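A.B. asks: Questions regarding the structure given below will be posed in turn.
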Amino acid sequence: MPWQQDITPYKVWISEIMLQQTQVSTAIPYFLKFIKRFPDIDTLADASEDEVLSYWSGLGYYTRARNILKSAQAIKIEFKSNLPKSIEELVTLPGIGRSTAGAIRSIGYGLKAPILDGNVKRVLSRYFKIEEDLNKSSIQKELWLLSEKVLPKSNFNVYTQAIMDLGALVCKRKNPDCASCPQNKYCLANKYNLTESIPLKQNKKEKPLKNLYWLVAIDQKGRFALQQKERNGVWQGLWTFLEFEEIELREHYYKNFMEESALISRDKLKIKHSFSHYNLDIDSLILKFDSNFSKKVGNNQMWFDKNDLKSLGTPAPVTKIIEKVI
DNA sequence: TATACGTGGTT
DNA sequence: TAACCAAGTAT
């Protein structure tokens with residue numbers, strides 16, 4: 001993996017954040033581009049939030065990117081541009097929890113620290129046959145104690161990477177390869193044939209459906225109007241098309257601020273988008289104009305072209321529409 | 001303690 | 001196709 005070449009605490013940090021709830025294959029190209037543009041903490045600390053978000057566009061959980069920038073700025077000032085080594089100091093940085101702190105300390109600095117990410121949780125819960133809900137606080141506490149207890153006496157960086165890799169490649173969620181596991185003789189889940197039922201699966205609840213109405217205004221030079229999302233809900237700080245919660249509001253806006261005489265085409269585009277906690281139907285009105293028209297846009301709205309996208313963040317559906325219709 | 005927070009790949 | 005993930009943290 002690219003983050004395992006010329007390992008530094010900085011690269012461990014960035015990769016750990018990118019890999020949170022994210023597939024390895026998805027994170028790789030993002031990591032390579034990010035490290036090329038922001039090779040060290042000072043470069044990152046001096047960047048704008050818009051640009052950092054542009055390098056995160058499509059990766060999701062954008063709070064991670066905003067927190068990486070905030071943390072870089074704090075590290076520059078409070079820790080002389082070096083990631084701290086202690087868990088206590090690391091977890092003061094936004095976006096770094098106990099497990100990521102443990103990974104930075106052990107893999108990045110080679111010092112003793114337990115971690116408890118999804119892979120390690122799965123390995124430990126099977127090895128020690130923990131059949132309860134792993135999210136219960138009492139079980140979380142037990143798992144942290146076990147993670148600490150099984151640490152070796154040395155080679156903490158090798159050990160931490162190894163137990164994560166064991167979870168990712170051998171002790172997989174589905175169809176674990178117990179035959180090739182170096183710990184299979186001691187694993188209680190293997191002994192009692194419980195690898196399918198451990199860890200316990202969550203019962204998930206139904207996702208609500210929300211609707212959103214976008215107005216995609218494009219001029220003859222291929223420029224398009226975007227507005228920046230507020231500091232609440234999903235996609236905070238990212239740029240979307242002009243957004244309305246009711247179709248009537250979009251019609252009203254269109255009739256009042258767009259000059260119909262300049263209109264070339266008027267198309268509809270529907271996109272179904274799925275979040276982890278709700279589904280979203282996006283109804284987009286695509287308007288193309290042949291010349292300058294009324295460009296009265298609101299406070300947080302601006303006109304951009306494709307070249308501007310490297311300096312601002314856009315959520316996946318916006319990126320898709322730009323690629324498709326502009 | 002439960003919920004918010006994204007996305008693309010796999011089945 | 002809809003469901004189900006995949007290296008968590010913040011509130």
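Simple scheme: letters A, B, ... for chains in structure tokens order, numbers from 1 for residues in each chain, numbers from 1 for ligands in the order shown.
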Residues near DT7 in chain B, anyone? I mean within 8 Å using only C-alpha atoms (C1' of nucleotides), not counting same-chain ones fewer than 3 positions away, as a compact mmCIF listing (two decimals) with N, CA, C and O atoms, in the first residue's frame.
C.D. replies:
# COMPACT_ATOMS: atom_id res chain seq x y z
N GLY A 58 -15.85 13.14 -3.39
CA GLY A 58 -16.17 11.78 -3.82
C GLY A 58 -15.82 10.73 -2.77
O GLY A 58 -16.25 9.59 -2.88
N LEU A 59 -15.03 11.12 -1.78
CA LEU A 59 -14.61 10.14 -0.77
C LEU A 59 -15.61 10.03 0.38
O LEU A 59 -15.69 9.00 1.04
N GLY A 60 -16.40 11.08 0.59
CA GLY A 60 -17.43 11.03 1.62
C GLY A 60 -16.95 11.36 3.03
O GLY A 60 -15.76 11.54 3.26
N PHE A 275 -27.47 7.70 1.19
CA PHE A 275 -26.55 7.92 2.31
C PHE A 275 -26.63 6.74 3.25
O PHE A 275 -27.48 5.86 3.12
N ALA A 316 -20.64 13.87 -4.65
CA ALA A 316 -20.64 12.97 -5.80
C ALA A 316 -21.72 13.30 -6.85
O ALA A 316 -21.42 13.30 -8.04
A.B. asks: Mind listing the strand (DSSP E) residues of range 105-281 of chain A, per DSSP on the backbone, as a ChimeraX atom specification?
C.D. replies: /A:209-218,224-228,239-240,242-244,263-274,279-281
A.B. asks: Once you count only C-alpha atoms (C1' of nucleotides), which residues of chain C turn out to be within 6 Å of chain A? Could you give them as a PDB file with C-alpha atoms (C1' of nucleotides), in the first residue's frame?
C.D. replies:
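Saved result, out26.pdb, follows:
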ATOM      1  C1'  DA C   6     -15.480  -0.838   4.609  1.00  0.00           C
ATOM      2  C1'  DA C   7      -9.109   0.640   8.701  1.00  0.00           C
ATOM      3  C1'  DG C   8     -14.474   5.633  13.357  1.00  0.00           C
ATOM      4  C1'  DT C   9     -15.365  10.073  15.401  1.00  0.00           C
TER       5       DT C   9
END
A.B. asks: Could you give me, as a tab-separated table, every chain B residue with an atom at most 8 Å from chain A, plus its closest atom pair and distance in Å to one decimal, counting only C-alpha atoms (C1' of nucleotides), rows ordered by chain then number?
C.D. replies:
residue	atom	partner	partner_atom	distance
B:DA4	C1'	A:His277	CA	7.7
B:DC5	C1'	A:Tyr61	CA	5.6
B:DG6	C1'	A:Gly60	CA	3.7
B:DT7	C1'	A:Gly60	CA	5.7
B:DG8	C1'	A:Thr26	CA	7.7
A.B. asks: Suppose you want the space between CA of Tyr55 in chain A and CA of Glu323 in chain A; what is it in Å?
C.D. replies: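 These atoms are spaced 16.9 Å apart.
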A.B. asks: Give the answer as one residue: which of A:Val52, A:Ala262, A:Leu269, A:Leu285 has the shortest atom-to-atom distance to Arg37 in chain A, using only C-alpha atoms?
C.D. replies: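 Using only C-alpha atoms, Arg37 in chain A sits closest to A:Val52.
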A.B. asks: Find the distance between CA of Lys205 in chain A and C1' of DT1 in chain C and write it in Å to one decimal.
C.D. replies: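 Going from CA of Lys205 in chain A over to C1' of DT1 in chain C, I get 18.9 Å.
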A.B. asks: As an exercise, work out the distance from CA of Arg266 in chain A to CA of Leu287 in chain A in Å and give it to one decimal place.
C.D. replies: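 These two atoms are separated by 4.8 Å.
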A.B. asks: Extract the full set of alpha helix (DSSP H) residues from range 189-259 of chain A according to DSSP on the backbone, and format it as an NGL selection string.
C.D. replies: :A and (189-191 or 247-257)
A.B. asks: Show me, as a list of chain:residue names, the residues that have an atom within 12 Å of DC4 in chain C when counting only C-alpha atoms (C1' of nucleotides), minus same-chain residues fewer than 5 positions from it.
C.D. replies: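 The residues that qualify are A:Arg173, A:Lys174, A:Lys201, A:Gln202, A:Asn203, A:Lys204, A:Ser276, B:DG9, B:DT10, B:DT11.
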A.B. asks: Excluding Ser311 in chain A and its own-chain neighbours fewer than 6 positions away, which residues fall within 7 Å of it when counting only C-alpha atoms (C1' of nucleotides)? Please give them as a list in words.
C.D. replies: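 The residues that qualify are Asp50, Glu51 and Ser54 of chain A.
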A.B. asks: Point out the residue among A:Gly102, A:Gly108, A:Phe289, A:Phe244 with the least atom-to-atom distance to Leu151 in chain A, counting only C-alpha atoms.
C.D. replies: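 Of the candidates, the smallest distance to Leu151 in chain A is held by A:Gly102.
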